[in-house]
Structures are given as structure tokens and as C-alpha cells.
$ cat coords24.tsv   # TSV, C-alpha atoms
chain	number	residue	atom	x	y	z
L	6	MET	CA	-133.51	95.62	-55.29
L	7	SER	CA	-132.73	91.89	-55.14
L	8	ASP	CA	-129.02	92.55	-54.67
L	9	LYS	CA	-129.77	94.68	-51.58
L	10	VAL	CA	-131.98	91.92	-50.17
L	11	ALA	CA	-129.32	89.29	-50.86
L	12	ILE	CA	-126.50	91.34	-49.32
L	13	THR	CA	-128.59	92.28	-46.27
L	14	GLY	CA	-129.53	88.62	-45.84
L	15	ALA	CA	-125.87	87.61	-46.19
L	16	ILE	CA	-124.85	90.06	-43.46
L	17	LEU	CA	-127.58	88.69	-41.19
L	18	CYS	CA	-126.51	85.12	-42.04
L	19	SER	CA	-122.91	85.87	-41.19
L	20	GLY	CA	-124.21	86.40	-37.67
L	21	CYS	CA	-121.25	87.65	-35.82
L	22	CYS	CA	-118.39	86.59	-38.01
L	23	VAL	CA	-117.76	89.50	-40.34
L	24	LEU	CA	-118.63	92.34	-37.96
L	25	GLN	CA	-117.00	90.60	-34.99
L	26	LEU	CA	-113.78	89.97	-36.93
L	27	MET	CA	-113.56	93.70	-37.61
L	28	LEU	CA	-114.17	94.46	-33.93
L	29	ASN	CA	-111.60	91.83	-32.90
L	30	PHE	CA	-109.07	93.43	-35.23
L	31	MET	CA	-109.49	96.57	-33.11
L	32	ALA	CA	-109.11	94.49	-29.88
L	33	PHE	CA	-112.72	95.13	-28.94
L	34	GLY	CA	-113.49	91.62	-27.65
L	35	CYS	CA	-116.83	89.89	-28.01
L	36	ALA	CA	-119.69	92.24	-28.83
L	37	GLY	CA	-122.36	89.59	-28.29
L	38	LEU	CA	-123.45	89.58	-31.93
L	39	SER	CA	-124.02	85.83	-31.81
L	40	VAL	CA	-127.60	86.57	-30.65
L	41	VAL	CA	-128.56	86.35	-34.34
L	42	GLU	CA	-127.69	82.64	-34.38
L	43	PRO	CA	-131.17	81.28	-33.44
L	44	VAL	CA	-132.82	82.97	-36.46
L	45	ARG	CA	-129.93	82.38	-38.82
L	46	MET	CA	-131.49	79.15	-40.11
L	47	TYR	CA	-134.29	81.27	-41.62
L	48	PHE	CA	-131.98	83.83	-43.20
L	49	VAL	CA	-129.71	81.33	-44.97
L	50	PRO	CA	-132.31	79.85	-47.38
L	51	ILE	CA	-133.84	83.29	-48.06
L	52	THR	CA	-130.39	84.68	-48.82
L	53	MET	CA	-129.48	81.76	-51.07
L	54	ALA	CA	-132.77	82.11	-52.95
L	55	SER	CA	-132.18	85.87	-53.32
L	56	ALA	CA	-128.67	85.22	-54.61
L	57	MET	CA	-129.95	82.72	-57.18
L	58	TYR	CA	-132.67	85.16	-58.25
L	59	LEU	CA	-130.03	87.89	-58.55
L	60	PHE	CA	-127.92	85.60	-60.71
L	61	ALA	CA	-130.82	84.61	-62.96
L	62	THR	CA	-132.33	88.06	-63.42
L	63	GLY	CA	-129.50	90.43	-62.52
L	64	LYS	CA	-128.10	93.08	-64.76
L	65	GLY	CA	-124.53	93.09	-65.93
L	66	SER	CA	-122.22	90.53	-67.41
L	67	LEU	CA	-122.09	86.90	-66.39
L	68	VAL	CA	-118.79	87.50	-64.61
L	69	THR	CA	-120.27	90.36	-62.57
L	70	ARG	CA	-123.26	88.25	-61.52
L	71	VAL	CA	-121.04	85.28	-60.59
L	72	VAL	CA	-118.78	87.51	-58.47
L	73	LYS	CA	-121.81	88.99	-56.65
L	74	VAL	CA	-123.29	85.55	-55.95
L	75	VAL	CA	-119.96	84.12	-54.76
L	76	PHE	CA	-119.47	87.14	-52.47
L	77	ILE	CA	-122.99	86.81	-51.05
L	78	MET	CA	-122.62	83.06	-50.46
L	79	ALA	CA	-119.17	83.46	-48.86
L	80	LEU	CA	-120.54	86.16	-46.57
L	81	ALA	CA	-123.64	84.12	-45.70
L	82	LEU	CA	-121.59	81.00	-44.98
L	83	SER	CA	-118.75	82.79	-43.19
L	84	PRO	CA	-119.46	81.13	-39.79
L	85	GLU	CA	-119.08	77.69	-41.36
L	86	LEU	CA	-115.99	78.73	-43.32
L	87	LEU	CA	-114.40	80.23	-40.22
L	88	ASN	CA	-115.27	77.11	-38.22
L	89	VAL	CA	-113.42	74.91	-40.73
L	90	TYR	CA	-110.42	77.25	-40.63
L	91	ASN	CA	-110.45	77.37	-36.82
L	92	ASP	CA	-110.64	73.58	-36.59
L	93	ASN	CA	-107.55	73.33	-38.78
L	94	GLN	CA	-105.71	75.88	-36.64
L	95	SER	CA	-106.81	74.30	-33.36
L	96	GLN	CA	-105.17	70.91	-33.61
L	97	GLN	CA	-105.28	68.55	-30.67
L	98	VAL	CA	-102.16	66.92	-29.37
L	99	ALA	CA	-103.06	63.28	-28.92
L	100	GLU	CA	-102.33	61.52	-25.66
L	101	SER	CA	-100.66	64.40	-23.89
L	102	ARG	CA	-101.85	66.62	-21.10
L	103	PRO	CA	-102.23	70.32	-21.89
L	104	SER	CA	-99.87	72.75	-20.19
L	105	TYR	CA	-102.67	75.24	-19.48
L	106	GLU	CA	-106.44	74.90	-19.34
L	107	PHE	CA	-108.86	77.73	-18.61
L	108	THR	CA	-112.10	79.37	-19.74
L	109	VAL	CA	-112.78	82.54	-21.69
L	110	PRO	CA	-116.38	83.31	-20.70
L	111	ASP	CA	-116.93	86.25	-23.07
L	112	MET	CA	-115.99	84.22	-26.18
L	113	GLY	CA	-119.26	83.83	-28.06
L	114	CYS	CA	-118.69	83.03	-31.74
L	115	GLU	CA	-116.29	81.70	-34.36
L	116	ALA	CA	-114.76	85.15	-34.81
L	117	CYS	CA	-113.97	85.29	-31.09
L	118	ARG	CA	-112.60	81.75	-31.26
L	119	TYR	CA	-110.39	82.81	-34.16
L	120	SER	CA	-109.02	85.77	-32.18
L	121	VAL	CA	-108.26	83.59	-29.15
L	122	ILE	CA	-106.46	80.97	-31.27
L	123	SER	CA	-104.49	83.62	-33.18
L	124	SER	CA	-103.46	85.45	-30.02
L	125	LEU	CA	-102.25	82.30	-28.32
L	126	LYS	CA	-100.46	80.85	-31.34
L	127	ALA	CA	-98.44	84.07	-31.52
L	128	ILE	CA	-96.66	83.08	-28.29
L	129	ASP	CA	-93.33	81.53	-29.29
L	130	SER	CA	-93.33	78.37	-27.17
L	131	VAL	CA	-97.00	77.48	-27.70
L	132	THR	CA	-97.09	74.31	-29.78
L	133	SER	CA	-100.84	73.77	-30.00
L	134	VAL	CA	-104.12	75.41	-29.02
L	135	GLU	CA	-107.54	73.83	-28.70
L	136	VAL	CA	-110.61	76.04	-28.22
L	137	ASP	CA	-114.04	74.60	-27.46
L	138	LEU	CA	-116.56	77.33	-28.22
L	139	THR	CA	-119.48	75.49	-26.60
L	140	ASP	CA	-117.76	75.15	-23.21
L	141	LYS	CA	-115.69	78.31	-23.73
L	142	GLN	CA	-112.70	76.23	-22.68
L	143	VAL	CA	-109.14	76.72	-23.94
L	144	LYS	CA	-106.31	74.19	-23.77
L	145	ILE	CA	-102.74	75.11	-24.58
L	146	TRP	CA	-99.76	72.86	-25.13
L	147	SER	CA	-96.31	74.36	-24.72
L	148	ASP	CA	-92.72	73.20	-24.89
L	149	SER	CA	-91.58	75.91	-22.48
L	150	SER	CA	-90.27	75.20	-19.01
L	151	THR	CA	-91.10	78.74	-17.83
L	152	ASP	CA	-94.49	79.91	-16.62
L	153	LEU	CA	-96.41	81.31	-19.60
L	154	TRP	CA	-99.58	82.22	-17.71
L	155	PRO	CA	-98.74	85.96	-17.45
L	156	THR	CA	-97.98	86.05	-21.20
L	157	ILE	CA	-101.12	84.08	-22.04
L	158	LYS	CA	-103.26	86.39	-19.94
L	159	HIS	CA	-101.63	89.49	-21.46
L	160	GLU	CA	-102.11	88.28	-25.05
L	161	LEU	CA	-105.78	87.51	-24.45
L	162	GLN	CA	-106.37	90.84	-22.75
L	163	GLN	CA	-104.73	92.60	-25.70
L	164	ALA	CA	-107.26	90.81	-27.94
L	165	GLY	CA	-110.13	91.98	-25.70
L	166	PHE	CA	-110.74	88.79	-23.71
L	167	GLU	CA	-110.37	87.99	-20.03
L	168	PRO	CA	-109.29	84.42	-19.19
L	169	GLU	CA	-110.66	82.83	-16.02
L	170	ASN	CA	-110.15	79.69	-13.98
L	171	ASP	CA	-106.59	78.65	-14.62
L	172	LEU	CA	-107.18	74.93	-14.12
L	173	LEU	CA	-103.62	73.63	-14.42

$ encode --input "coords24.tsv" --output "C-alpha cells"
Amino acid sequence: MSDKVAITGAILCSGCCVLQLMLNFMAFGCAGLSVVEPVRMYFVPITMASAMYLFATGKGSLVTRVVKVVFIMALALSPELLNVYNDNQSQQVAESRPSYEFTVPDMGCEACRYSVISSLKAIDSVTSVEVDLTDKQVKIWSDSSTDLWPTIKHELQQAGFEPENDLL
């Protein structure tokens, strides 16, 4: 029973990340699963306590219990883990003006941010991408002399997102 509670809690803690990543893989775009975020702070401690209880009282070998607990904690902390990964992928270029700046209004979580960064970094001449999830703003640096806006728009649409307000 406690493993079901811990896994259910971990899925709720992951908010949008795990489910949204699967949807993004299918080019679905943002499903709005980030609505769980306000109550996430309650699920995390309950899930961690359930995982520790599972470890202490669970059946099976020590290795099996450790694997279950690590899986549950990784799932529960997936938004934070994805945020760290995204921050490493979204490196700012100091003291230079971005080539393109626009918003992606339907980007709602770290999984969406990941899809936007991945889609844009796949464009050959894009040198850096910065995505601010709070403002839903995207900045792109490029070393291309040609207009990349049609390619940028196409790549984002293929990922299920619609860019707006080309600011540059």
C-alpha cells in the first residue's frame, strides 16, 4: 500500500514534468498540467515521508527498496531536476543583443521550456537560447546573416507551440 501512495504522490509532485514531457514528445504542446503547482508544496513532504516509510518497512531486498525510493524521489523532484538541466542548456550570451526575441504564451512548465529550448537549439545557426518561463519570453542568438524567423516559427509549431510578438 505505501508504495502506491508514494508513487501516486511522486506523480502529483512531478506536476507537469513527466506527463508533459511525454505529450511534448508527441508534439502536443502545453496541456496546462502546471495547475498542480500551487498544491505541490503539500505533496512533496508527504511523498518523501511515504518513500522513507516504504524504505524502512518495505518488502524485498535492500537494493530493491533503494531503487524504489530513488525512483520516487527523482519523479517527485523532476521539476527541479529539469529546471537545473534547462538552465544549463539555456546559457546567456553576455553583453550581446539577441537576434530574436518573442513570447510563447502557451509555455507553462519546465517540460514546455525544455521542448522550446530543444526545438530552437536544433536549428543549425542558433548559438544560444534563453527561455524565461515566468515571462514566457524567448531570446535567441544566432550567427546567421539570413532571416531565421520562418524556421524558428516552424520548429516551435512542430513542437506544439505558437510564438507571438516578434520583438526584434

$ residues_around --input "coords24.tsv" --residues "segment 120-131 of chain L" --least-positions-apart "4" --cutoff "6 Å" --atoms "only C-alpha atoms" --output "PDB file with C-alpha atoms, keeping the file's coordinate frame"
ATOM      1  CA  TRP L 146     -99.760  72.860 -25.130  1.00  0.00           C
ATOM      2  CA  SER L 147     -96.310  74.360 -24.720  1.00  0.00           C
ATOM      3  CA  ASP L 148     -92.720  73.200 -24.890  1.00  0.00           C
ATOM      4  CA  SER L 149     -91.580  75.910 -22.480  1.00  0.00           C
ATOM      5  CA  GLU L 160    -102.110  88.280 -25.050  1.00  0.00           C
TER       6      GLU L 160
END

$ atom_distance --input "coords24.tsv" --atom1 "atom CA of Ala164 of chain L" --atom2 "atom CA of Ser83 of chain L"
20.7 Å

$ atom_distance --input "coords24.tsv" --atom1 "atom CA of Gly63 of chain L" --atom2 "atom CA of Val44 of chain L"
27.3 Å

$ atom_distance --input "coords24.tsv" --atom1 "atom CA of Pro84 of chain L" --atom2 "atom CA of Val136 of chain L"
15.4 Å

$ closest_residue --input "coords24.tsv" --among "L:Ser150, L:Ser133, L:Thr52, L:Thr108" --to "Phe76 of chain L" --atoms "all atoms listed in the file"
L:Thr52

$ residues_around --input "coords24.tsv" --residues "Ala15 of chain L" --least-positions-apart "3" --cutoff "9 Å" --atoms "only C-alpha atoms" --output "ChimeraX atom specification"
/L:10-12,18-20,48-49,52-53,76-82

$ closest_residue --input "coords24.tsv" --among "L:Pro110, L:Gly65, L:Pro50, L:Pro43" --to "Gly165 of chain L" --atoms "all atoms listed in the file"
L:Pro110

$ closest_residue --input "coords24.tsv" --among "L:Glu135, L:Asp8, L:Glu115, L:Asp92" --to "Phe60 of chain L" --atoms "only C-alpha atoms"
L:Asp8

$ closest_residue --input "coords24.tsv" --among "L:Leu87, L:Pro155, L:Lys9, L:Val75" --to "Ser55 of chain L" --atoms "all atoms listed in the file"
L:Lys9

$ closest_residue --input "coords24.tsv" --among "L:Ile51, L:Leu138, L:Leu59, L:Leu153" --to "Gly113 of chain L" --atoms "only C-alpha atoms"
L:Leu138

$ closest_residue --input "coords24.tsv" --among "L:Val89, L:Val134, L:His159, L:Tyr119" --to "Pro103 of chain L" --atoms "only C-alpha atoms"
L:Val134
